[in-house]
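> Provided below: entry_13.cif, containing mmCIF, C-alpha atoms.
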```cif
data_query
loop_
_atom_site.label_atom_id
_atom_site.label_comp_id
_atom_site.auth_asym_id
_atom_site.auth_seq_id
_atom_site.Cartn_x
_atom_site.Cartn_y
_atom_site.Cartn_z
CA MET A 1 7.34 -19.67 -34.65
CA THR A 2 7.33 -17.98 -31.24
CA ALA A 3 10.25 -15.73 -30.35
CA ARG A 4 12.21 -16.77 -27.28
CA PRO A 5 12.64 -14.17 -24.53
CA SER A 6 16.12 -12.72 -24.16
CA ALA A 7 18.29 -13.74 -21.23
CA ALA A 8 17.88 -10.25 -19.71
CA ALA A 9 14.09 -10.44 -19.98
CA ALA A 10 14.05 -13.91 -18.47
CA SER A 11 16.23 -12.83 -15.52
CA ALA A 12 14.06 -9.73 -14.95
CA ASP A 13 11.02 -12.01 -14.56
CA ARG A 14 12.78 -14.31 -12.09
CA PRO A 15 12.17 -13.55 -8.42
CA VAL A 16 15.18 -12.35 -6.45
CA ARG A 17 16.76 -15.18 -4.48
CA THR A 18 16.36 -15.13 -0.71
CA ASP A 19 20.12 -15.23 -0.15
CA ALA A 20 20.59 -12.24 -2.47
CA LEU A 21 18.01 -10.25 -0.48
CA ARG A 22 19.69 -11.29 2.76
CA ASN A 23 23.10 -10.21 1.42
CA ARG A 24 21.70 -6.85 0.33
CA GLU A 25 20.31 -6.22 3.82
CA ARG A 26 23.61 -7.27 5.40
CA LEU A 27 25.41 -4.81 3.13
CA LEU A 28 23.04 -1.95 3.99
CA THR A 29 23.40 -2.65 7.72
CA ALA A 30 27.19 -2.79 7.37
CA ALA A 31 27.19 0.41 5.30
CA ARG A 32 25.22 2.29 7.95
CA ALA A 33 27.71 1.14 10.59
CA ALA A 34 30.70 2.01 8.38
CA PHE A 35 29.28 5.44 7.56
CA THR A 36 28.63 6.08 11.25
CA ASP A 37 32.18 5.12 12.23
CA ALA A 38 34.22 6.30 9.23
CA GLY A 39 31.94 8.86 7.60
CA ALA A 40 30.14 8.89 4.26
CA ASP A 41 33.35 8.23 2.35
CA ALA A 42 33.86 4.77 3.88
CA SER A 43 35.10 2.38 1.21
CA LEU A 44 33.15 -0.45 -0.36
CA TYR A 45 35.92 -2.75 0.87
CA GLU A 46 35.22 -1.67 4.46
CA VAL A 47 31.49 -2.30 3.96
CA ALA A 48 32.17 -5.77 2.53
CA LYS A 49 34.49 -6.59 5.44
CA ARG A 50 31.90 -5.52 8.02
CA ALA A 51 29.19 -7.52 6.25
CA GLY A 52 31.42 -10.61 6.09
CA LEU A 53 31.01 -10.74 2.31
CA GLY A 54 33.34 -10.46 -0.64
CA THR A 55 33.78 -7.22 -2.54
CA GLY A 56 32.29 -8.91 -5.62
CA THR A 57 29.02 -9.28 -3.74
CA VAL A 58 29.08 -5.57 -2.89
CA TYR A 59 29.67 -4.61 -6.52
CA ARG A 60 26.87 -6.94 -7.72
CA HIS A 61 24.40 -5.10 -5.52
CA PHE A 62 25.95 -1.62 -5.57
CA PRO A 63 28.28 -0.96 -8.53
CA THR A 64 29.49 2.34 -7.03
CA ARG A 65 29.82 3.88 -3.58
CA GLU A 66 27.26 6.48 -4.69
CA ALA A 67 24.75 3.68 -5.43
CA LEU A 68 25.31 2.30 -1.92
CA LEU A 69 24.99 5.76 -0.38
CA GLU A 70 21.76 6.28 -2.31
CA ALA A 71 20.31 3.03 -0.95
CA VAL A 72 21.27 3.99 2.61
CA LEU A 73 19.77 7.47 2.20
CA LEU A 74 16.44 6.41 0.70
CA ASP A 75 14.87 6.07 4.15
CA HIS A 76 16.22 9.52 5.09
CA PHE A 77 14.68 11.07 1.98
CA GLU A 78 11.38 9.31 2.63
CA ALA A 79 11.32 10.50 6.26
CA LEU A 80 11.92 14.06 5.08
CA ARG A 81 9.17 13.74 2.45
CA VAL A 82 6.69 12.51 5.07
CA ALA A 83 7.73 15.26 7.49
CA ALA A 84 7.16 17.92 4.82
CA VAL A 85 3.72 16.53 3.99
CA ASN A 86 2.77 16.53 7.69
CA LEU A 87 4.17 20.02 8.32
CA ALA A 88 2.28 21.46 5.34
CA GLU A 89 -0.93 21.11 7.34
CA VAL A 90 0.11 22.68 10.64
CA GLY A 91 1.34 25.90 12.17
CA PRO A 92 2.61 29.10 10.64
CA PRO A 93 4.18 28.43 7.22
CA ASP A 94 7.60 29.89 8.07
CA ASP A 95 7.78 27.83 11.29
CA ALA A 96 6.86 24.67 9.35
CA LEU A 97 9.60 25.42 6.82
CA ALA A 98 12.16 26.08 9.56
CA ASP A 99 11.22 22.83 11.32
CA TRP A 100 11.61 20.87 8.09
CA LEU A 101 14.97 22.49 7.31
CA GLN A 102 16.18 21.59 10.81
CA GLN A 103 15.23 17.97 10.14
CA PHE A 104 17.05 18.14 6.78
CA ILE A 105 20.19 19.45 8.48
CA SER A 106 19.94 16.79 11.22
CA HIS A 107 19.75 14.01 8.63
CA LEU A 108 22.84 15.37 6.90
CA GLY A 109 24.68 15.42 10.21
CA GLU A 110 24.12 11.73 10.85
CA TYR A 111 27.22 10.64 8.91
CA ARG A 112 30.43 12.70 8.81
CA GLY A 113 31.02 13.91 5.26
CA LEU A 114 27.42 13.39 4.17
CA ALA A 115 26.73 17.11 3.71
CA ARG A 116 29.73 17.34 1.38
CA GLU A 117 28.59 14.26 -0.59
CA VAL A 118 25.04 15.55 -0.89
CA MET A 119 26.20 19.05 -1.85
CA SER A 120 28.17 17.63 -4.78
CA VAL A 121 25.34 15.58 -6.30
CA LEU A 122 22.00 16.74 -4.91
CA HIS A 123 21.43 19.45 -7.47
CA ASP A 124 22.84 17.89 -10.62
CA GLY A 125 19.50 16.29 -11.50
CA VAL A 126 21.05 13.28 -13.25
CA SER A 127 22.91 11.20 -10.67
CA PRO A 128 20.98 8.37 -8.99
CA LEU A 129 21.38 10.08 -5.61
CA SER A 130 19.96 13.32 -6.98
CA MET A 131 17.06 11.58 -8.68
CA SER A 132 16.17 9.54 -5.59
CA CYS A 133 15.44 12.68 -3.58
CA GLN A 134 13.02 14.29 -6.06
CA ASP A 135 9.91 13.41 -4.02
CA MET A 136 11.52 14.87 -0.89
CA ARG A 137 12.42 18.05 -2.77
CA ALA A 138 8.88 18.36 -4.16
CA ALA A 139 7.35 18.00 -0.69
CA GLY A 140 9.76 20.59 0.71
CA ALA A 141 8.91 22.92 -2.17
CA VAL A 142 5.28 22.87 -1.01
CA LEU A 143 6.43 24.22 2.38
CA LEU A 144 8.47 26.95 0.70
CA SER A 145 5.62 27.90 -1.61
CA ARG A 146 3.21 28.04 1.33
CA ALA A 147 5.54 30.40 3.23
CA GLN A 148 5.96 32.55 0.11
CA ARG A 149 2.18 32.77 -0.42
CA ASP A 150 1.82 33.71 3.24
CA GLY A 151 4.23 36.57 2.59
CA THR A 152 6.78 35.47 5.19
CA MET A 153 9.49 34.16 2.82
CA ARG A 154 11.17 35.97 -0.05
CA ALA A 155 9.40 35.41 -3.35
CA ASP A 156 12.68 35.07 -5.28
CA LEU A 157 13.85 32.05 -3.26
CA ASP A 158 13.71 28.70 -5.07
CA MET A 159 14.00 25.17 -3.68
CA SER A 160 17.41 24.49 -5.19
CA THR A 161 18.88 27.58 -3.52
CA LEU A 162 17.15 26.78 -0.24
CA LEU A 163 18.59 23.25 -0.12
CA LYS A 164 22.06 24.53 -1.01
CA LEU A 165 21.86 27.01 1.87
CA ALA A 166 20.60 24.37 4.31
CA ASN A 167 23.32 22.00 3.11
CA ALA A 168 25.91 24.74 3.70
CA VAL A 169 24.63 25.13 7.28
CA ALA A 170 25.02 21.37 7.82
CA LEU A 171 28.49 21.40 6.27
CA THR A 172 29.60 24.37 8.38
CA ALA A 173 28.23 22.85 11.59
CA GLU A 174 30.05 19.60 10.83
CA GLU A 175 33.36 21.13 9.84
CA THR A 176 33.50 23.53 12.79
CA ASP A 177 32.23 20.78 15.10
CA SER A 178 30.31 23.51 16.83
CA GLY A 179 26.90 21.87 16.97
CA ARG A 180 25.52 25.31 16.16
CA GLY A 181 23.35 24.20 13.25
CA VAL A 182 20.23 25.50 15.00
CA ASP A 183 21.79 28.96 15.50
CA LEU A 184 23.00 29.08 11.90
CA LEU A 185 19.58 28.01 10.64
CA GLY A 186 18.02 30.83 12.68
CA TYR A 187 20.28 33.36 10.96
CA LEU A 188 19.50 31.80 7.59
CA MET A 189 15.73 31.94 8.19
CA GLU A 190 15.98 35.58 9.23
CA GLY A 191 17.85 36.41 6.05
CA MET A 192 15.26 34.64 3.88
CA ARG A 193 12.25 36.32 5.45
CA ARG A 194 10.50 38.92 3.39
CA ARG A 195 11.23 42.45 4.56
#
```
In structure tokens, how does this file's structure come out?


Amino acid sequence: MTARPSAAAASADRPVRTDALRNRERLLTAARAAFTDAGADASLYEVAKRAGLGTGTVYRHFPTREALLEAVLLDHFEALRVAAVNLAEVGPPDDALADWLQQFISHLGEYRGLAREVMSVLHDGVSPLSMSCQDMRAAGAVLLSRAQRDGTMRADLDMSTLLKLANAVALTAEETDSGRGVDLLGYLMEGMRRR
């Protein structure tokens, strides 16, 4: 007698319906617009309203706001990973690291409140948002390691600390509305350089 597959296994083998894919894309588009207008703490209700869908549809695709935020940020993390890979091959190592950190800070400044959201989960290592950025962190760590081997960056600096500092620059620039992230990053880079 052959065992029958479980309902979960059968549904995992089924292709995703076209309307479900279309709804997911509508939700992501609406979420980007909501985050742009209302900041990263926009509600799932607001996203559903903008997408013209029910909140049940939102929760089927994204059970939490963090899951939705993660999906929106995946392209940001991928862009930062690619930038780090490209920068690892060019220019002085400390300049490449500074350029990448500026891009990191710019991405965090895209949605009001994003730096605060990322600061709270980026370094916990267990949340979906934290886990989704591991490849980006690894690529950035190559830039840091290159600058440390070159002797331009402090040897005791680790990637977790570096991202916390860059996140703090983004958070400060956002909260003071000064647009001085570049200046603050310059001070930060000077402080991290090896004496």

> Where does the PyMOL selection byres ((chain A and resi 113-115) around 7) land in this file, that is, which residues does it pick, as a PyMOL selection string?

chain A and resi 39-41+108-109+111-112+116-119+167+170-171

> Please write the residues from the selection above to a file, keeping C-alpha atoms, as a short mmCIF file (atom, residue, chain, number, x, y, z; two decimals), keeping the file's coordinate frame.


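What ended up in selection.cif:
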```cif
data_model
loop_
_atom_site.label_atom_id
_atom_site.label_comp_id
_atom_site.auth_asym_id
_atom_site.auth_seq_id
_atom_site.Cartn_x
_atom_site.Cartn_y
_atom_site.Cartn_z
CA GLY A 39 31.94 8.86 7.60
CA ALA A 40 30.14 8.89 4.26
CA ASP A 41 33.35 8.23 2.35
CA LEU A 108 22.84 15.37 6.90
CA GLY A 109 24.68 15.42 10.21
CA TYR A 111 27.22 10.64 8.91
CA ARG A 112 30.43 12.70 8.81
CA ARG A 116 29.73 17.34 1.38
CA GLU A 117 28.59 14.26 -0.59
CA VAL A 118 25.04 15.55 -0.89
CA MET A 119 26.20 19.05 -1.85
CA ASN A 167 23.32 22.00 3.11
CA ALA A 170 25.02 21.37 7.82
CA LEU A 171 28.49 21.40 6.27
#
```

> Extract, using all atoms listed in the file, all DNA, RNA and protein residues at most 7 Å from A:Pro93, discarding same-chain residues fewer than 3 positions from it, and format them as a short mmCIF file (atom, residue, chain, number, x, y, z; two decimals) with C-alpha atoms, in the frame of the given file.


```
data_model
loop_
_atom_site.label_atom_id
_atom_site.label_comp_id
_atom_site.auth_asym_id
_atom_site.auth_seq_id
_atom_site.Cartn_x
_atom_site.Cartn_y
_atom_site.Cartn_z
CA ALA A 96 6.86 24.67 9.35
CA LEU A 97 9.60 25.42 6.82
CA LEU A 143 6.43 24.22 2.38
CA ARG A 146 3.21 28.04 1.33
CA ALA A 147 5.54 30.40 3.23
#
```

> Can you spell out as a PyMOL selection string the set of residues that the PyMOL selection byres ((chain A and resi 131-139) around 12) selects in the structure I just provided?

chain A and resi 66-67+69-89+97+100-101+104+118+121-130+140-146+158-164

> Enumerate, as a list of chain:residue names, the residues matched when the PyMOL selection byres ((chain A and resi 58) around 9) is run on the file above.

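What the PyMOL selection byres ((chain A and resi 58) around 9) grabs from the file is A:Asn23, A:Arg24, A:Leu27, A:Leu44, A:Tyr45, A:Val47, A:Ala48, A:Leu53, A:Gly54, A:Thr55, A:Gly56, A:Thr57, A:Tyr59, A:Arg60, A:His61, A:Phe62, A:Pro63, A:Thr64, A:Leu68.
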
> To one decimal in Å, tell me the separation between atom CA of A:Arg194 and atom CA of A:Arg154.

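Atom-to-atom, atom CA of A:Arg194 and atom CA of A:Arg154 are spaced 4.6 Å apart.
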
> Record the distance separating atom CA of A:Arg32 and atom CA of A:Leu165, expressed in Å with one decimal.

25.7 Å

> Please provide as a list in words all residues within 10 Å of A:Asp183, with the sequence filter that same-chain residues fewer than 6 positions apart are discarded (counting only C-alpha atoms).

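My list of contacting residues is Val169, Ala173 and Met189 of chain A.
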
> Could you please take those selected residues and save C-alpha atoms as a PDB file, keeping the file's coordinate frame?


```pdb
ATOM      1  CA  VAL A 169      24.630  25.130   7.280  1.00  0.00           C
ATOM      2  CA  ALA A 173      28.230  22.850  11.590  1.00  0.00           C
ATOM      3  CA  MET A 189      15.730  31.940   8.190  1.00  0.00           C
TER       4      MET A 189
END
```

> Find the distance between atom CA of A:Ala33 and atom CA of A:His107 and write it in Å to one decimal.

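So the answer is 15.3 Å.
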
> Enclose all atoms of stretch 52-67 of chain A listed in the file in an axis-aligned box, grow every side by 6 Å, and hand back centre and edge lengths in Å to one decimal, as lines of an AutoDock Vina configuration file.


```
center_x = 29.1
center_y = -2.1
center_z = -1.2
size_x = 21.4
size_y = 29.2
size_z = 26.6
```

> Which residue out of A:Thr152, A:Ser120, A:Thr18, A:Thr172 has the minimum interatomic distance to A:Ile105 when all atoms listed in the file are used?

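Residue with the minimum atom-to-atom distance to A:Ile105: A:Thr172.
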
> Which is closest to A:Gly186 among A:Glu25, A:Ala51, A:Asp95, A:Asp37, if we use all atoms listed in the file?

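Closest residue, counting all atoms listed in the file: A:Asp95.
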